[in-house]
Every structure is written in C-alpha cells, then in structure tokens.
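Quick notes on the structure that follows.
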Amino acid sequence: MPELDQLRRLGDQIVPPTFEALQETARRRVHRARLATSLAAVSVVAAVAATAYVERGDDRRVEPAPPAPTSRPLTYADGSTIHYGEQTVEADRPVTELDVTDYGVGFRTDDGGIWFTDGSTTDRLGTLGETGPGYRDTWPLTSRPGWMLSANSGPRLVWFEFRTPGEPEVVVYDTGTRQEVARDTVRLERGHTAVPALTSDRFVYWFKDPDSGELPEDQAQVRFNPETGEQTRVSEADLLDDLDSQAAVRSIRLKGDGRADSSGTFHYSEGTGQQLGLSLTKAVAGVDGLAPVGPGDMVAEDVSGQTFAFEPPPDYPDQAGVAWLVQWLDNQTVVVLSPLRQRTNLLACHVDTKTCEVAASAPVGIVVPDFGKSQFIA
C-alpha cells in the first residue's frame, strides 16, 4: 500500500515541539468559554482555529483578521455590566475603564484585570499590576486618566502593564486576530514615570514624567513604533505633524485651541475626549447647541471644512452645560456624553445633518470610552 508507506514516512519526519515552545504557546492562549450549541459559535471557533501565528526571534507574522465592521456599537459600562450596542456582557467585577475597537471592547476591572470581549466571548489579556511610587494623580491637565488606548478605527488595543512596580511595559494587541503584536519595556531611568497619552494607526504615545499641573502640550512626550520597537522623544510640533499625516475621516480640525497657535492653521485631532459646551442661547462658539470649547477663540471643523457643531435634541434641558465627545460610531456619527443630575444621556450626533438624538439614557456614574466615569458638573 504505497499510500500507507508514504504516510508512515511523513510521520517519521514530524518533529514534536519542544517543551519550551509548548509553554510559550500556552502562555499566549487565553481560555475562551464558548456556546457550542449554536452554529455561529462553531463558526467563530473554526475561524479562530484557522488563525496562524508564527514567531521567530523578533519576527512575527499574524494572518489578516476578518473584514472589519464599518461601524461600532454605542458602548458604556454600568457597574459590572457592559452595554455593547444591543448586547450586554457581565464582567467579573466593576468596570473602571473601557475602550472600543472595530472588533469589540477592551476593559479594565477594579482589580486591575485587563479583558477583551466581542460581545459573546470574553478573554483575559493581562493585569495592570502595581504601578509603584510616583503614580498618583500624574496625568496632565485636561487629559483622560487611563491605562488603555484605542483609535477611532482599527483593531488595535493598547495598554500598560507593571510586572514590576515602577517598570511599565507597553502592550499592543490586535483584537481582530486576537494576538499580541508588540510588547516592550517603557525605557525609563529609576524614579521616573510614564503614562499612556494616545494611539494612532501607526504609533503609540505616552507622557514622560507627566505634571498634573501642566497641559498635555507642555509635557515631555515619547513616540513608540510597534513595528520597530523604536522609542523617540517628540515635540508638540512633531506630534501634530504625525496626526496631520495620519488624519482619517473620523477626525476633527482645530484652530486656536492652545496647540500650535503660533501657526494660525488648523491641526487634526481624533476628537475623542474633546470637551463640548451645550447652550440654547448661542453662548458656545456662536451656535445654538453643541460645539467644542477651549482656550482662546477656538474654531472646530469636520474634515470637509464644515463647522463642527450640532443642534441639541428637541426640548433638551439647558442645565446640561458641559459635555464630551467620547466615541465615533461611524464616519458620520459621534457619541456625546451629557451628564445630568439624575441620569446620564448619550447623544448620537450626526456630522452630515448637524442633528442629535438621545441614543441612550443611563444611570449616573456610568463608564464611557475615552472619558472614564461620568460625573455631572454644574
């Protein structure tokens, strides 16, 4: 039986993996509990099983992820319950931070656990760990305190881990392929600190030795390239040049916001975390409704050059004077956090029509992307 003999020869050539290789594979895999009774779950398991991941030294190859959705569901957490569009996911503990990617939600629980869910399965990715001395109220003024980052589009989730107190590592994870694509030590001298700032399609940025009494543009900033591992000190002008060169549709253009004011030109911003004012008497940026606010005579536009401002929902209460842009659902829709005294509203505002509606009304103190825990400010 030639076929049988050939199979036997092939079997003799198979070399089993080393114990160390098995350990490394086991370390990278996170147990996933799945509902095996549905055909959809079986399809997901098959897709994940087909994903190839090869590592030789510093060379890594990850097979392409499934096609990314063109929109993201409105997302927030109430205690340990994550609302991801029409789906709800129960975390083991209360959620303190979350960020959305094209494929799901990365979140951190109050015990430091770092997780990812696609709405049906939940994977534990890591643990924040003990940050160590020097990490108390360290984020710059107007920036969002948080250890996780994601961009307005794309699969990447970024976070810091402290396996050793005072020695952070930056981790870049592809939520489409469910693979860690970069991990590197944040290079610091003893006694110095670093906290995440923002991420783009190409780079990750962090503040070095941040000062809570200074604005982000006055801080020392470092750019990390996940592809090469290079960590480079960058100026505010360098950062703005990067953002301008990588500007996507899900961006806004700002001028007179305190950054690069001397040029008198617009610069791009991802928009998330941007404070907005809500006025029914044209008190904010000369418009009757929602518009970004900032120092000086700030002007905000969308990428087409139109004024970035919105009409509030009909009969919306005027006591909600402060709001924040917290999420892009698609190229034409943003989510605005509007905290009230007795509840928290999430407004869906449309860039093309300049209109808004209440997309969700939730309890006080929910956790939203790019902001954290909501709070009413009189």
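Labels for the structure tokens follow display order: chains A, B, ..., residues from 1 in each chain, ligands from 1.
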
Practice problem: Using only C-alpha atoms, determine which residues lie at most 7 Å from range 222-233 of chain A, disregarding the query and same-chain residues fewer than 3 positions distant; provide the list as a ChimeraX atom specification. | Solution: /A:182,202-208

Dump C-alpha atoms for the selected residues as a JSON list (two decimals), in the first residue's frame?
[["chain", "number", "residue", "atom", "x", "y", "z"],
["A", 182, "ALA", "CA", 4.11, 44.11, 20.33],
["A", 202, "ARG", "CA", 0.98, 53.67, 13.34],
["A", 203, "PHE", "CA", 2.26, 54.89, 16.70],
["A", 204, "VAL", "CA", 1.65, 54.88, 20.44],
["A", 205, "TYR", "CA", 2.43, 57.97, 22.51],
["A", 206, "TRP", "CA", 2.99, 58.43, 26.23],
["A", 207, "PHE", "CA", 3.83, 61.25, 28.62],
["A", 208, "LYS", "CA", 7.21, 61.01, 30.34]]

Quiz item: Which of range 123-284 of chain A counts as strand (DSSP E) under DSSP, as JSON, numbers by chain please?
Solution: {"A": [123, 124, 125, 126, 127, 148, 149, 150, 156, 157, 158, 159, 160, 161, 162, 163, 164, 167, 168, 169, 170, 171, 172, 173, 174, 179, 180, 181, 182, 183, 184, 185, 194, 195, 196, 197, 198, 199, 204, 205, 206, 207, 208, 220, 221, 222, 223, 224, 231, 232, 233, 234, 252, 253, 254, 255, 267, 268, 269, 275, 276, 277, 278, 279, 280, 281, 282, 283, 284]}

Self-check item: Distance query Ala360 in chain A at most 12 Å, only C-alpha atoms, self and fewer than 3 positions along chain excluded, as JSON, numbers by chain
Solution: {"A": [73, 74, 75, 76, 83, 84, 85, 86, 335, 336, 337, 338, 339, 343, 344, 345, 346, 347, 348, 356, 357, 363, 366]}

Quiz item: Skipping near chain neighbours, those fewer than 5 positions away, what residues fall within 6 Å of Gly277 in chain A using only C-alpha atoms, listed as a count of residues only?
Solution: 5

Quiz prompt | Residue nearest Glu169 in chain A - candidates A:Leu125, A:Val186, A:Ala359, A:Val303, atoms counted: only C-alpha atoms | solution = A:Val186
